[in-house]
Amino acid sequence: MRSRIPLSRLLSILAVGLFFGACREPAAPVGSSVGRAQVSLAPGDGLHGAIAFHSNRNGNVQIFVMNADGSHVTLVTNNTALNFGPVWSPDGTRIVFSSNVGGDFQIYVIDADGTGMTQITNAAQAFNPVWSPDGRQIAFTSNRDGNFDVFVMNADGTGATTKLTSNAGDNSPASWSPDGKQILLVRTLDGDNELYVMNADGTGVTRLTTNEGEGDHAGWSPDGKRIVFSSTRDAGNLHIFLMNADGTGVTQLNSGDFTDDDPVWSPDGKKIAFQSTRDGHEEIYIMNADGTGQTRLTFNQGIFNAVPSWRSRPLP
């Protein structure tokens, strides 16, 4: 139930991260955000939980966490590498992400307080990890066999790794269905990104979208009935859309001469967090699941704050 980083966008982020990492020293951990989100909600409908995201606000691209109202921003990783795409474990105690701290990009797991960082892949390049709902497995994309394909491994890195896709395009997991039976994925073929769904064992692949250039990021709703995704079908601008889990009933949630991307559901399915460039930088915003109440959560002058992931309980 979260959004993913397309490989083309990842390369551009890496270039920016390398430039700024070479020009600036890594900063000390952050205790609070610059500015506060002004959130207006109905009584009893407050923002709950915590959001993990990556940002270059300290110079290098690091993993951060914050409460869902934008408060208490805290640094999780603290190294000179590039750290991307954090995803909370189903129990909210750990975060999986991609990093080149050891040279090549691999998948790492770290405790929510920043301790116990552990590498769990060790072959070619590996990106875009996503937990199974029971927390026992992690799906990810890797080019270990040539093209980028979807693989599944045990969450602790032990045992055999299973390859789920094998075709002419590049494939990346976007979200595991809440019942654990299916995986939503992005397939890139001849420059066209589309959303597909397959069984958790790689069988039964079905295409959901048919619009050129869409499906960069996507995630199943907590009840499994809807999928949120980003698409350029709005005159080439990347924005957030909803559709039924079978690909029908597409609804656009935002619009404008800017980019909205990286959508992720709140644990209760009532809200969606995303990143937007509407104020000049990539900042994280939140909105109701129907697109109303769009509110900015992060306030800093970094190049980007992106790829949020949401757990149900707030930071301690």
# chains A, B, ... in the order shown; residues from 1 in each chain; ligands from 1
call {"tool": "residues_around", "arguments": {"residues": "stretch 47-49 of chain A", "least_positions_apart": "2", "cutoff": "7 Å", "atoms": "only C-alpha atoms", "output": "number ranges by chain"}}
result
A: 45, 51, 67-69, 310-314
call {"tool": "atom_distance", "arguments": {"atom1": "atom CA of A:Leu164", "atom2": "atom CA of A:Leu195"}}
result
15.6 Å
call {"tool": "select_by_dssp", "arguments": {"residues": "stretch 104-228 of chain A", "states": "strand (DSSP E or B)", "output": "ChimeraX atom specification"}}
result
/A:106-111,118-119,126-131,137-145,147-154,162-163,170-176,182-189,192-199,206-207,218-220,226-228
call {"tool": "residues_around", "arguments": {"residues": "stretch 177-183 of chain A", "least_positions_apart": "5", "cutoff": "6 Å", "atoms": "only C-alpha atoms", "output": "ChimeraX atom specification"}}
result
/A:133,197-200,224
call {"tool": "write_last_selection", "arguments": {"atoms": "all heavy atoms", "output": "CSV table (one decimal), in the first residue's frame"}}
result
chain,number,residue,atom,x,y,z
A,133,PRO,N,2.0,-8.4,3.7
A,133,PRO,CA,1.1,-8.0,4.8
A,133,PRO,C,1.5,-8.6,6.1
A,133,PRO,O,1.3,-8.0,7.2
A,133,PRO,CB,-0.3,-8.3,4.3
A,133,PRO,CG,-0.2,-8.3,2.9
A,133,PRO,CD,1.1,-8.9,2.5
A,197,VAL,N,-1.4,-6.4,-12.3
A,197,VAL,CA,-1.5,-7.1,-11.0
A,197,VAL,C,-1.2,-8.6,-11.3
A,197,VAL,O,-1.5,-9.1,-12.4
A,197,VAL,CB,-2.9,-7.0,-10.4
A,197,VAL,CG1,-4.0,-7.5,-11.3
A,197,VAL,CG2,-3.0,-7.6,-9.0
A,198,MET,N,-0.6,-9.3,-10.4
A,198,MET,CA,-0.3,-10.7,-10.6
A,198,MET,C,-0.5,-11.4,-9.2
A,198,MET,O,-0.5,-10.8,-8.2
A,198,MET,CB,1.1,-10.9,-11.1
A,198,MET,CG,2.2,-10.5,-10.1
A,198,MET,SD,3.9,-10.8,-10.8
A,198,MET,CE,4.9,-10.0,-9.5
A,199,ASN,N,-0.7,-12.7,-9.3
A,199,ASN,CA,-0.7,-13.5,-8.1
A,199,ASN,C,0.7,-13.4,-7.4
A,199,ASN,O,1.7,-13.2,-8.0
A,199,ASN,CB,-1.0,-15.0,-8.3
A,199,ASN,CG,-2.4,-15.1,-8.9
A,199,ASN,OD1,-3.3,-14.4,-8.6
A,199,ASN,ND2,-2.6,-16.1,-9.8
A,200,ALA,N,0.7,-13.7,-6.1
A,200,ALA,CA,1.9,-13.5,-5.3
A,200,ALA,C,3.0,-14.5,-5.7
A,200,ALA,O,4.2,-14.3,-5.4
A,200,ALA,CB,1.6,-13.7,-3.8
A,224,GLY,N,-8.5,-3.1,0.2
A,224,GLY,CA,-8.2,-3.8,-1.0
A,224,GLY,C,-9.2,-3.5,-2.2
A,224,GLY,O,-9.1,-4.1,-3.2
call {"tool": "closest_residue", "arguments": {"among": "A:Asn60, A:Thr292, A:Thr158, A:Gln275", "to": "A:Pro308", "atoms": "only C-alpha atoms"}}
result
A:Gln275
call {"tool": "residues_around", "arguments": {"residues": "stretch 240-250 of chain A", "least_positions_apart": "5", "cutoff": "9 Å", "atoms": "only C-alpha atoms", "output": "ChimeraX atom specification"}}
result
/A:207-209,220-221,224-231,255,260-263,274,289-291
call {"tool": "atom_distance", "arguments": {"atom1": "atom CA of A:Asn83", "atom2": "atom CA of A:Phe53"}}
result
10.0 Å
call {"tool": "closest_residue", "arguments": {"among": "A:Phe258, A:Thr251, A:Ser71, A:Pro267", "to": "A:Asp91", "atoms": "only C-alpha atoms"}}
result
A:Pro267
call {"tool": "residues_around", "arguments": {"residues": "stretch 96-103 of chain A", "least_positions_apart": "3", "cutoff": "9 Å", "atoms": "only C-alpha atoms", "output": "ChimeraX atom specification"}}
result
/A:63,79-89,106-111,119,126-131,138
call {"tool": "write_last_selection", "arguments": {"atoms": "N, CA, C and O atoms", "output": "mmCIF file, in the first residue's frame"}}
result
data_model
loop_
_atom_site.group_PDB
_atom_site.id
_atom_site.type_symbol
_atom_site.label_atom_id
_atom_site.label_comp_id
_atom_site.auth_asym_id
_atom_site.auth_seq_id
_atom_site.Cartn_x
_atom_site.Cartn_y
_atom_site.Cartn_z
ATOM 1 N N ILE A 63 16.825 8.918 5.250
ATOM 2 C CA ILE A 63 15.496 8.505 5.661
ATOM 3 C C ILE A 63 15.111 9.270 6.927
ATOM 4 O O ILE A 63 15.898 9.356 7.878
ATOM 5 N N ASN A 79 24.347 8.728 7.172
ATOM 6 C CA ASN A 79 25.549 8.306 6.489
ATOM 7 C C ASN A 79 25.782 9.206 5.280
ATOM 8 O O ASN A 79 25.000 10.118 5.024
ATOM 9 N N THR A 80 26.840 8.959 4.562
ATOM 10 C CA THR A 80 27.172 9.790 3.400
ATOM 11 C C THR A 80 26.681 9.164 2.093
ATOM 12 O O THR A 80 27.064 9.604 1.013
ATOM 13 N N ALA A 81 25.847 8.137 2.189
ATOM 14 C CA ALA A 81 25.326 7.452 1.005
ATOM 15 C C ALA A 81 23.990 8.051 0.590
ATOM 16 O O ALA A 81 23.526 9.052 1.149
ATOM 17 N N LEU A 82 23.353 7.442 -0.398
ATOM 18 C CA LEU A 82 22.025 7.827 -0.863
ATOM 19 C C LEU A 82 21.032 6.759 -0.397
ATOM 20 O O LEU A 82 21.185 5.575 -0.708
ATOM 21 N N ASN A 83 20.019 7.174 0.361
ATOM 22 C CA ASN A 83 19.062 6.265 0.980
ATOM 23 C C ASN A 83 17.661 6.629 0.496
ATOM 24 O O ASN A 83 17.239 7.777 0.653
ATOM 25 N N PHE A 84 16.912 5.652 -0.075
ATOM 26 C CA PHE A 84 15.676 5.958 -0.793
ATOM 27 C C PHE A 84 14.528 5.034 -0.416
ATOM 28 O O PHE A 84 14.727 3.899 -0.001
ATOM 29 N N GLY A 85 13.302 5.521 -0.650
ATOM 30 C CA GLY A 85 12.112 4.688 -0.684
ATOM 31 C C GLY A 85 11.798 3.915 0.577
ATOM 32 O O GLY A 85 11.620 2.701 0.528
ATOM 33 N N PRO A 86 11.694 4.581 1.738
ATOM 34 C CA PRO A 86 11.420 3.853 2.977
ATOM 35 C C PRO A 86 10.005 3.291 3.016
ATOM 36 O O PRO A 86 9.062 3.915 2.533
ATOM 37 N N VAL A 87 9.860 2.100 3.603
ATOM 38 C CA VAL A 87 8.556 1.467 3.777
ATOM 39 C C VAL A 87 8.483 0.881 5.189
ATOM 40 O O VAL A 87 9.330 0.074 5.573
ATOM 41 N N TRP A 88 7.462 1.289 5.933
ATOM 42 C CA TRP A 88 7.246 0.721 7.269
ATOM 43 C C TRP A 88 6.921 -0.769 7.171
ATOM 44 O O TRP A 88 6.167 -1.197 6.292
ATOM 45 N N SER A 89 7.438 -1.553 8.099
ATOM 46 C CA SER A 89 7.000 -2.943 8.228
ATOM 47 C C SER A 89 5.555 -2.957 8.720
ATOM 48 O O SER A 89 5.085 -1.981 9.320
ATOM 49 N N GLN A 106 21.508 -1.744 -2.664
ATOM 50 C CA GLN A 106 20.962 -2.966 -2.104
ATOM 51 C C GLN A 106 19.799 -2.624 -1.183
ATOM 52 O O GLN A 106 19.556 -1.451 -0.884
ATOM 53 N N ILE A 107 19.092 -3.651 -0.723
ATOM 54 C CA ILE A 107 17.973 -3.477 0.197
ATOM 55 C C ILE A 107 18.472 -3.624 1.628
ATOM 56 O O ILE A 107 19.212 -4.556 1.943
ATOM 57 N N TYR A 108 18.043 -2.685 2.477
ATOM 58 C CA TYR A 108 18.414 -2.687 3.893
ATOM 59 C C TYR A 108 17.155 -2.604 4.749
ATOM 60 O O TYR A 108 16.130 -2.060 4.322
ATOM 61 N N VAL A 109 17.255 -3.131 5.954
ATOM 62 C CA VAL A 109 16.215 -2.983 6.968
ATOM 63 C C VAL A 109 16.846 -2.306 8.182
ATOM 64 O O VAL A 109 17.985 -2.608 8.548
ATOM 65 N N ILE A 110 16.113 -1.363 8.776
ATOM 66 C CA ILE A 110 16.608 -0.629 9.930
ATOM 67 C C ILE A 110 15.481 -0.490 10.951
ATOM 68 O O ILE A 110 14.305 -0.410 10.575
ATOM 69 N N ASP A 111 15.827 -0.513 12.232
ATOM 70 C CA ASP A 111 14.814 -0.267 13.260
ATOM 71 C C ASP A 111 14.340 1.171 13.174
ATOM 72 O O ASP A 111 15.057 2.060 12.700
ATOM 73 N N GLN A 119 21.872 -5.189 5.844
ATOM 74 C CA GLN A 119 21.736 -5.439 4.416
ATOM 75 C C GLN A 119 21.136 -6.822 4.199
ATOM 76 O O GLN A 119 21.586 -7.802 4.795
ATOM 77 N N ALA A 126 19.476 -3.464 -6.413
ATOM 78 C CA ALA A 126 18.152 -3.813 -5.890
ATOM 79 C C ALA A 126 17.468 -2.546 -5.388
ATOM 80 O O ALA A 126 18.080 -1.749 -4.663
ATOM 81 N N PHE A 127 16.202 -2.359 -5.773
ATOM 82 C CA PHE A 127 15.440 -1.160 -5.428
ATOM 83 C C PHE A 127 14.001 -1.529 -5.053
ATOM 84 O O PHE A 127 13.558 -2.652 -5.219
ATOM 85 N N ASN A 128 13.265 -0.505 -4.595
ATOM 86 C CA ASN A 128 11.809 -0.539 -4.454
ATOM 87 C C ASN A 128 11.274 -1.719 -3.639
ATOM 88 O O ASN A 128 10.405 -2.467 -4.097
ATOM 89 N N PRO A 129 11.738 -1.896 -2.421
ATOM 90 C CA PRO A 129 11.226 -3.000 -1.598
ATOM 91 C C PRO A 129 9.824 -2.721 -1.083
ATOM 92 O O PRO A 129 9.445 -1.579 -0.842
ATOM 93 N N VAL A 130 9.041 -3.779 -0.905
ATOM 94 C CA VAL A 130 7.694 -3.671 -0.339
ATOM 95 C C VAL A 130 7.412 -4.923 0.488
ATOM 96 O O VAL A 130 7.679 -6.041 0.055
ATOM 97 N N TRP A 131 6.899 -4.733 1.705
ATOM 98 C CA TRP A 131 6.627 -5.839 2.625
ATOM 99 C C TRP A 131 5.357 -6.601 2.218
ATOM 100 O O TRP A 131 4.396 -6.017 1.728
ATOM 101 N N ILE A 138 9.625 -9.835 1.507
ATOM 102 C CA ILE A 138 9.818 -8.534 0.870
ATOM 103 C C ILE A 138 9.956 -8.758 -0.629
ATOM 104 O O ILE A 138 10.749 -9.586 -1.074
#
call {"tool": "atom_distance", "arguments": {"atom1": "atom CA of A:Asp279", "atom2": "atom CA of A:Ser55"}}
result
16.1 Å
call {"tool": "closest_residue", "arguments": {"among": "A:Leu297, A:Val150, A:Ile286, A:Ala155", "to": "A:Leu185", "atoms": "only C-alpha atoms"}}
result
A:Val150
call {"tool": "closest_residue", "arguments": {"among": "A:Ala124, A:Ala139, A:Val264, A:Val186", "to": "A:Lys163", "atoms": "only C-alpha atoms"}}
result
A:Ala139
call {"tool": "closest_residue", "arguments": {"among": "A:Trp265, A:Asn300, A:Thr74, A:Val152", "to": "A:Arg136", "atoms": "only C-alpha atoms"}}
result
A:Val152
call {"tool": "decode", "arguments": {"residues": "stretch 63-198 of chain A", "atoms": "C-alpha atoms", "output": "PDB file, in the first residue's frame"}}
result
ATOM      1  CA  ILE A  63      15.496   8.505   5.661  1.00  0.00           C
ATOM      2  CA  PHE A  64      13.355  10.551   8.079  1.00  0.00           C
ATOM      3  CA  VAL A  65      10.199   9.937  10.084  1.00  0.00           C
ATOM      4  CA  MET A  66       7.591  12.388  11.367  1.00  0.00           C
ATOM      5  CA  ASN A  67       4.170  12.351  12.933  1.00  0.00           C
ATOM      6  CA  ALA A  68       1.283  12.457  10.450  1.00  0.00           C
ATOM      7  CA  ASP A  69       0.622  16.118  11.317  1.00  0.00           C
ATOM      8  CA  GLY A  70       4.159  17.058  10.208  1.00  0.00           C
ATOM      9  CA  SER A  71       5.592  17.370  13.733  1.00  0.00           C
ATOM     10  CA  HIS A  72       8.662  15.781  15.310  1.00  0.00           C
ATOM     11  CA  VAL A  73      10.739  15.210  12.148  1.00  0.00           C
ATOM     12  CA  THR A  74      13.525  12.784  13.099  1.00  0.00           C
ATOM     13  CA  LEU A  75      16.532  11.495  11.172  1.00  0.00           C
ATOM     14  CA  VAL A  76      16.722   7.690  10.869  1.00  0.00           C
ATOM     15  CA  THR A  77      19.763   7.072   8.644  1.00  0.00           C
ATOM     16  CA  ASN A  78      22.921   9.141   9.087  1.00  0.00           C
ATOM     17  CA  ASN A  79      25.549   8.306   6.489  1.00  0.00           C
ATOM     18  CA  THR A  80      27.172   9.790   3.400  1.00  0.00           C
ATOM     19  CA  ALA A  81      25.326   7.452   1.005  1.00  0.00           C
ATOM     20  CA  LEU A  82      22.025   7.827  -0.863  1.00  0.00           C
ATOM     21  CA  ASN A  83      19.062   6.265   0.980  1.00  0.00           C
ATOM     22  CA  PHE A  84      15.676   5.958  -0.793  1.00  0.00           C
ATOM     23  CA  GLY A  85      12.112   4.688  -0.684  1.00  0.00           C
ATOM     24  CA  PRO A  86      11.420   3.853   2.977  1.00  0.00           C
ATOM     25  CA  VAL A  87       8.556   1.467   3.777  1.00  0.00           C
ATOM     26  CA  TRP A  88       7.246   0.721   7.269  1.00  0.00           C
ATOM     27  CA  SER A  89       7.000  -2.943   8.228  1.00  0.00           C
ATOM     28  CA  PRO A  90       3.411  -4.081   8.902  1.00  0.00           C
ATOM     29  CA  ASP A  91       4.032  -3.949  12.671  1.00  0.00           C
ATOM     30  CA  GLY A  92       5.559  -0.464  12.410  1.00  0.00           C
ATOM     31  CA  THR A  93       8.835  -1.367  14.125  1.00  0.00           C
ATOM     32  CA  ARG A  94      11.188  -1.465  11.122  1.00  0.00           C
ATOM     33  CA  ILE A  95      11.786   0.331   7.834  1.00  0.00           C
ATOM     34  CA  VAL A  96      12.991  -1.248   4.589  1.00  0.00           C
ATOM     35  CA  PHE A  97      14.709   0.929   1.969  1.00  0.00           C
ATOM     36  CA  SER A  98      17.372   1.054  -0.767  1.00  0.00           C
ATOM     37  CA  SER A  99      20.875   2.418  -0.178  1.00  0.00           C
ATOM     38  CA  ASN A 100      24.300   2.467  -1.814  1.00  0.00           C
ATOM     39  CA  VAL A 101      26.078   2.737   1.534  1.00  0.00           C
ATOM     40  CA  GLY A 102      28.035  -0.416   0.637  1.00  0.00           C
ATOM     41  CA  GLY A 103      28.715   0.531  -3.014  1.00  0.00           C
ATOM     42  CA  ASP A 104      25.972  -0.970  -5.183  1.00  0.00           C
ATOM     43  CA  PHE A 105      22.338  -0.248  -4.362  1.00  0.00           C
ATOM     44  CA  GLN A 106      20.962  -2.966  -2.104  1.00  0.00           C
ATOM     45  CA  ILE A 107      17.973  -3.477   0.197  1.00  0.00           C
ATOM     46  CA  TYR A 108      18.414  -2.687   3.893  1.00  0.00           C
ATOM     47  CA  VAL A 109      16.215  -2.983   6.968  1.00  0.00           C
ATOM     48  CA  ILE A 110      16.608  -0.629   9.930  1.00  0.00           C
ATOM     49  CA  ASP A 111      14.814  -0.267  13.260  1.00  0.00           C
ATOM     50  CA  ALA A 112      12.522   2.751  13.499  1.00  0.00           C
ATOM     51  CA  ASP A 113      14.935   4.441  15.951  1.00  0.00           C
ATOM     52  CA  GLY A 114      17.812   4.208  13.457  1.00  0.00           C
ATOM     53  CA  THR A 115      19.588   1.218  15.025  1.00  0.00           C
ATOM     54  CA  GLY A 116      20.235  -2.243  13.640  1.00  0.00           C
ATOM     55  CA  MET A 117      20.720  -1.359   9.971  1.00  0.00           C
ATOM     56  CA  THR A 118      21.088  -4.676   8.096  1.00  0.00           C
ATOM     57  CA  GLN A 119      21.736  -5.439   4.416  1.00  0.00           C
ATOM     58  CA  ILE A 120      19.452  -8.213   3.133  1.00  0.00           C
ATOM     59  CA  THR A 121      20.303  -8.397  -0.610  1.00  0.00           C
ATOM     60  CA  ASN A 122      23.671  -8.910  -2.249  1.00  0.00           C
ATOM     61  CA  ALA A 123      23.392  -9.239  -6.029  1.00  0.00           C
ATOM     62  CA  ALA A 124      23.616  -6.579  -8.771  1.00  0.00           C
ATOM     63  CA  GLN A 125      21.330  -3.601  -7.987  1.00  0.00           C
ATOM     64  CA  ALA A 126      18.152  -3.813  -5.890  1.00  0.00           C
ATOM     65  CA  PHE A 127      15.440  -1.160  -5.428  1.00  0.00           C
ATOM     66  CA  ASN A 128      11.809  -0.539  -4.454  1.00  0.00           C
ATOM     67  CA  PRO A 129      11.226  -3.000  -1.598  1.00  0.00           C
ATOM     68  CA  VAL A 130       7.694  -3.671  -0.339  1.00  0.00           C
ATOM     69  CA  TRP A 131       6.627  -5.839   2.625  1.00  0.00           C
ATOM     70  CA  SER A 132       4.103  -8.653   2.467  1.00  0.00           C
ATOM     71  CA  PRO A 133       1.128  -7.959   4.793  1.00  0.00           C
ATOM     72  CA  ASP A 134       2.343 -10.543   7.322  1.00  0.00           C
ATOM     73  CA  GLY A 135       5.847  -9.037   7.360  1.00  0.00           C
ATOM     74  CA  ARG A 136       7.504 -12.327   6.458  1.00  0.00           C
ATOM     75  CA  GLN A 137       8.556 -11.497   2.891  1.00  0.00           C
ATOM     76  CA  ILE A 138       9.818  -8.534   0.870  1.00  0.00           C
ATOM     77  CA  ALA A 139       9.291  -8.037  -2.854  1.00  0.00           C
ATOM     78  CA  PHE A 140      11.792  -5.863  -4.736  1.00  0.00           C
ATOM     79  CA  THR A 141      13.174  -5.159  -8.198  1.00  0.00           C
ATOM     80  CA  SER A 142      16.667  -6.147  -9.336  1.00  0.00           C
ATOM     81  CA  ASN A 143      18.666  -6.358 -12.550  1.00  0.00           C
ATOM     82  CA  ARG A 144      20.631  -9.397 -11.393  1.00  0.00           C
ATOM     83  CA  ASP A 145      19.487 -11.309 -14.504  1.00  0.00           C
ATOM     84  CA  GLY A 146      19.675  -8.414 -16.991  1.00  0.00           C
ATOM     85  CA  ASN A 147      16.351  -6.550 -17.059  1.00  0.00           C
ATOM     86  CA  PHE A 148      14.797  -5.282 -13.848  1.00  0.00           C
ATOM     87  CA  ASP A 149      12.428  -7.969 -12.583  1.00  0.00           C
ATOM     88  CA  VAL A 150      10.378  -8.582  -9.458  1.00  0.00           C
ATOM     89  CA  PHE A 151      11.861 -10.912  -6.849  1.00  0.00           C
ATOM     90  CA  VAL A 152      10.628 -12.096  -3.447  1.00  0.00           C
ATOM     91  CA  MET A 153      12.761 -13.053  -0.451  1.00  0.00           C
ATOM     92  CA  ASN A 154      12.363 -13.684   3.267  1.00  0.00           C
ATOM     93  CA  ALA A 155      12.297 -10.436   5.221  1.00  0.00           C
ATOM     94  CA  ASP A 156      15.498 -11.335   7.077  1.00  0.00           C
ATOM     95  CA  GLY A 157      17.337 -12.091   3.826  1.00  0.00           C
ATOM     96  CA  THR A 158      17.668 -15.828   4.499  1.00  0.00           C
ATOM     97  CA  GLY A 159      16.675 -18.634   2.172  1.00  0.00           C
ATOM     98  CA  ALA A 160      16.247 -18.661  -1.583  1.00  0.00           C
ATOM     99  CA  THR A 161      15.163 -15.607  -3.580  1.00  0.00           C
ATOM    100  CA  THR A 162      12.334 -16.267  -6.039  1.00  0.00           C
ATOM    101  CA  LYS A 163      12.006 -14.480  -9.401  1.00  0.00           C
ATOM    102  CA  LEU A 164       8.391 -13.617 -10.226  1.00  0.00           C
ATOM    103  CA  THR A 165       8.596 -11.810 -13.600  1.00  0.00           C
ATOM    104  CA  SER A 166      10.489 -12.493 -16.815  1.00  0.00           C
ATOM    105  CA  ASN A 167       9.732 -10.466 -19.940  1.00  0.00           C
ATOM    106  CA  ALA A 168      11.238  -7.899 -22.297  1.00  0.00           C
ATOM    107  CA  GLY A 169      10.366  -4.923 -20.073  1.00  0.00           C
ATOM    108  CA  ASP A 170      11.404  -3.713 -16.636  1.00  0.00           C
ATOM    109  CA  ASN A 171       9.170  -4.664 -13.704  1.00  0.00           C
ATOM    110  CA  SER A 172       8.953  -3.189 -10.216  1.00  0.00           C
ATOM    111  CA  PRO A 173       6.615  -4.060  -7.312  1.00  0.00           C
ATOM    112  CA  ALA A 174       4.286  -1.266  -6.234  1.00  0.00           C
ATOM    113  CA  SER A 175       2.121  -2.794  -3.514  1.00  0.00           C
ATOM    114  CA  TRP A 176       1.148  -6.105  -1.953  1.00  0.00           C
ATOM    115  CA  SER A 177      -2.602  -6.666  -1.671  1.00  0.00           C
ATOM    116  CA  PRO A 178      -3.912  -6.505   1.920  1.00  0.00           C
ATOM    117  CA  ASP A 179      -4.816 -10.215   1.830  1.00  0.00           C
ATOM    118  CA  GLY A 180      -1.313 -11.119   0.594  1.00  0.00           C
ATOM    119  CA  LYS A 181      -2.618 -12.954  -2.474  1.00  0.00           C
ATOM    120  CA  GLN A 182      -1.574 -10.473  -5.191  1.00  0.00           C
ATOM    121  CA  ILE A 183       1.176  -7.989  -6.057  1.00  0.00           C
ATOM    122  CA  LEU A 184       0.594  -4.733  -7.911  1.00  0.00           C
ATOM    123  CA  LEU A 185       3.496  -3.881 -10.213  1.00  0.00           C
ATOM    124  CA  VAL A 186       4.702  -1.277 -12.686  1.00  0.00           C
ATOM    125  CA  ARG A 187       5.887  -2.624 -16.037  1.00  0.00           C
ATOM    126  CA  THR A 188       7.939  -0.392 -18.334  1.00  0.00           C
ATOM    127  CA  LEU A 189       8.070  -1.445 -21.974  1.00  0.00           C
ATOM    128  CA  ASP A 190       9.241   0.792 -24.834  1.00  0.00           C
ATOM    129  CA  GLY A 191       9.159   3.807 -22.508  1.00  0.00           C
ATOM    130  CA  ASP A 192       5.550   3.223 -21.437  1.00  0.00           C
ATOM    131  CA  ASN A 193       4.719   2.621 -17.755  1.00  0.00           C
ATOM    132  CA  GLU A 194       1.572   0.614 -17.040  1.00  0.00           C
ATOM    133  CA  LEU A 195       0.065  -0.989 -13.965  1.00  0.00           C
ATOM    134  CA  TYR A 196      -0.396  -4.749 -13.746  1.00  0.00           C
ATOM    135  CA  VAL A 197      -1.505  -7.148 -11.035  1.00  0.00           C
ATOM    136  CA  MET A 198      -0.300 -10.729 -10.550  1.00  0.00           C
TER     137      MET A 198
END
